[in-house]
Amino acid sequence: MVIAIDGPGGVGKSTVARRVAADLGLAYLDTGSTYRAATLIVLREGIDPSDQDGILTALDTHRIDYGESGVTIDGERVADQVRTERVTANTSAVSAHPLVRDRIVAIQRRWVDSRNGRAVVEGRDIGTVVFPDAPVKVFLTARPEVRASRRARDAETGTATVDEILAALEARDSADASRSTSPMRPADDAEIIDTSDIDIEGVVGAVLGLVAAFEASEPEEIEGLGR
Ligand code: DC
């Protein structure tokens with residue numbers, strides 16, 4: 001069973017998804033880190049982020065994977081390197097290419113398959129494209145200024161002001177939501193949760209409530225959840 005958690009940056013997806021996965025004893029996959037790893041390869045190799053063919057050729061020669069300590073490239077742990085401002089600023093462009101997405105989505109689906117299809121998966125298009133049959137789908141939102149001030153508390157945003165972070169977040173949201181392939185949007189059957197005025201405990205509780213409601217309606221899935 002896949003629990004899909006989508007939404008824009010700074011909304012609390014990672015924290016919530018990790019907590020839900022730990023509570024349910026499921027694997028956790030941060031799909032943004034796989035697009036970030038592709039972007040790190042692009043930047044390291046000096047490829048133009050608008051050059052889809054160049055990116056595909058580079059991806060042919062590297063292996064992106066995801067382990068206990070996060071994303072890897074050819075076995076090298078790059079979880080920190082993929083969170084620099086430079087990578088963040090270029091990931092929307094790299095992830096907008098349809099054939100690049102096909103490659104990365106294949107990695108994500110294989111990874112979940114290797115966990116017997118039991119995982120909490122966070123991203124932008126999990127409920128709509130990657131796992132459209134996920135029985136529990138959540139789309140987290142929050143007011144932009146709330147997301148920017150949350151991001152300002154992350155070490156990765158360095159010395160940037162809240163206004164600068166807000167501008168970068170809005171530019172990224174607009175690129176991610178307006179691309180023609182797999183734009184960021186809630187699935188028709190997703191539960192939309194506005195996290196602006198709810199703390200993490202509250203959001204985790206709401207997601208666990210949805211899982212419990214699903215279990216109650218499909219009792220045979222309880223075993224699948226490992227509980
Ligand atoms: O969740 P994140 O901030 O690490 O994601 C980084 C970028 O990756 C985001 O701006 C868009 C892209 N992304 C995507 O296109 N599809 C996903 N499922 C996850 C991330």
# chains A, B, ... in the order shown; residues from 1 in each chain; ligands from 1
>>> select_by_dssp(residues="stretch 64-210 of chain A", states="strand (DSSP E or B)", output="VMD selection string")
chain A and resid 64 to 67 70 to 73 76 to 77 119 to 123 136 to 141 191 to 194
>>> residues_near_ligand(ligand="ligand 1", cutoff="9 Å", atoms="only C-alpha atoms and all ligand atoms", output="VMD selection string")
chain A and resid 6 to 10 13 to 14 30 to 36 82 to 83 87 to 96 101 105 121 to 126 129 to 130 169 172 to 173 175 to 176 182 to 184
>>> closest_residue(among="A:Val207, A:Ala38, A:Glu85, A:Gln108", to="A:Thr159", atoms="only C-alpha atoms")
A:Glu85
>>> select_by_dssp(residues="stretch 168-207 of chain A", states="alpha helix (DSSP H)", output="list in words")
Ala168, Leu169, Glu170, Ala171, Arg172, Asp173, Ser174, Ala175, Asp176, Ala177, Ser178, Ile200, Glu201, Gly202, Val203, Val204, Gly205, Ala206 and Val207 of chain A
>>> closest_residue(among="A:Gly75, A:Val11, A:Arg86, A:Arg19", to="A:Leu43", atoms="only C-alpha atoms")
A:Arg86
>>> closest_residue(among="A:Leu29, A:Val16, A:Leu166, A:Thr161", to="A:Thr195", atoms="only C-alpha atoms")
A:Val16
>>> residues_around(residues="stretch 48-64 of chain A", least_positions_apart="6", cutoff="6 Å", atoms="only C-alpha atoms", output="list in words")
Thr72, Ile73, Asp74 and Val94 of chain A
>>> write_last_selection(atoms="N, CA, C and O atoms", output="short mmCIF file (atom, residue, chain, number, x, y, z; two decimals), in the first residue's frame")
data_model
loop_
_atom_site.label_atom_id
_atom_site.label_comp_id
_atom_site.auth_asym_id
_atom_site.auth_seq_id
_atom_site.Cartn_x
_atom_site.Cartn_y
_atom_site.Cartn_z
N THR A 72 21.61 8.52 -3.40
CA THR A 72 23.00 8.27 -3.79
C THR A 72 23.15 8.36 -5.31
O THR A 72 22.19 8.14 -6.05
N ILE A 73 24.38 8.71 -5.73
CA ILE A 73 24.74 8.67 -7.16
C ILE A 73 25.93 7.72 -7.27
O ILE A 73 26.97 7.95 -6.64
N ASP A 74 25.77 6.66 -8.02
CA ASP A 74 26.82 5.63 -8.16
C ASP A 74 27.34 5.21 -6.77
O ASP A 74 28.55 5.05 -6.58
N VAL A 94 15.26 20.88 -14.75
CA VAL A 94 15.64 19.50 -15.09
C VAL A 94 14.42 18.59 -15.03
O VAL A 94 14.20 17.73 -15.90
#
>>> residues_around(residues="A:Arg143", least_positions_apart="2", cutoff="6 Å", atoms="only C-alpha atoms", output="PyMOL selection string")
chain A and resi 145-146+196
>>> closest_residue(among="A:Gly12, A:Pro132, A:Pro98, A:Val211", to="A:Arg150", atoms="only C-alpha atoms")
A:Gly12
>>> closest_residue(among="A:Val136, A:Ala160, A:Ile104, A:Val203", to="A:Ala190", atoms="only C-alpha atoms")
A:Val136
>>> closest_residue(among="A:Arg103, A:Arg115, A:Lys137, A:His97", to="A:Pro186", atoms="only C-alpha atoms")
A:Lys137
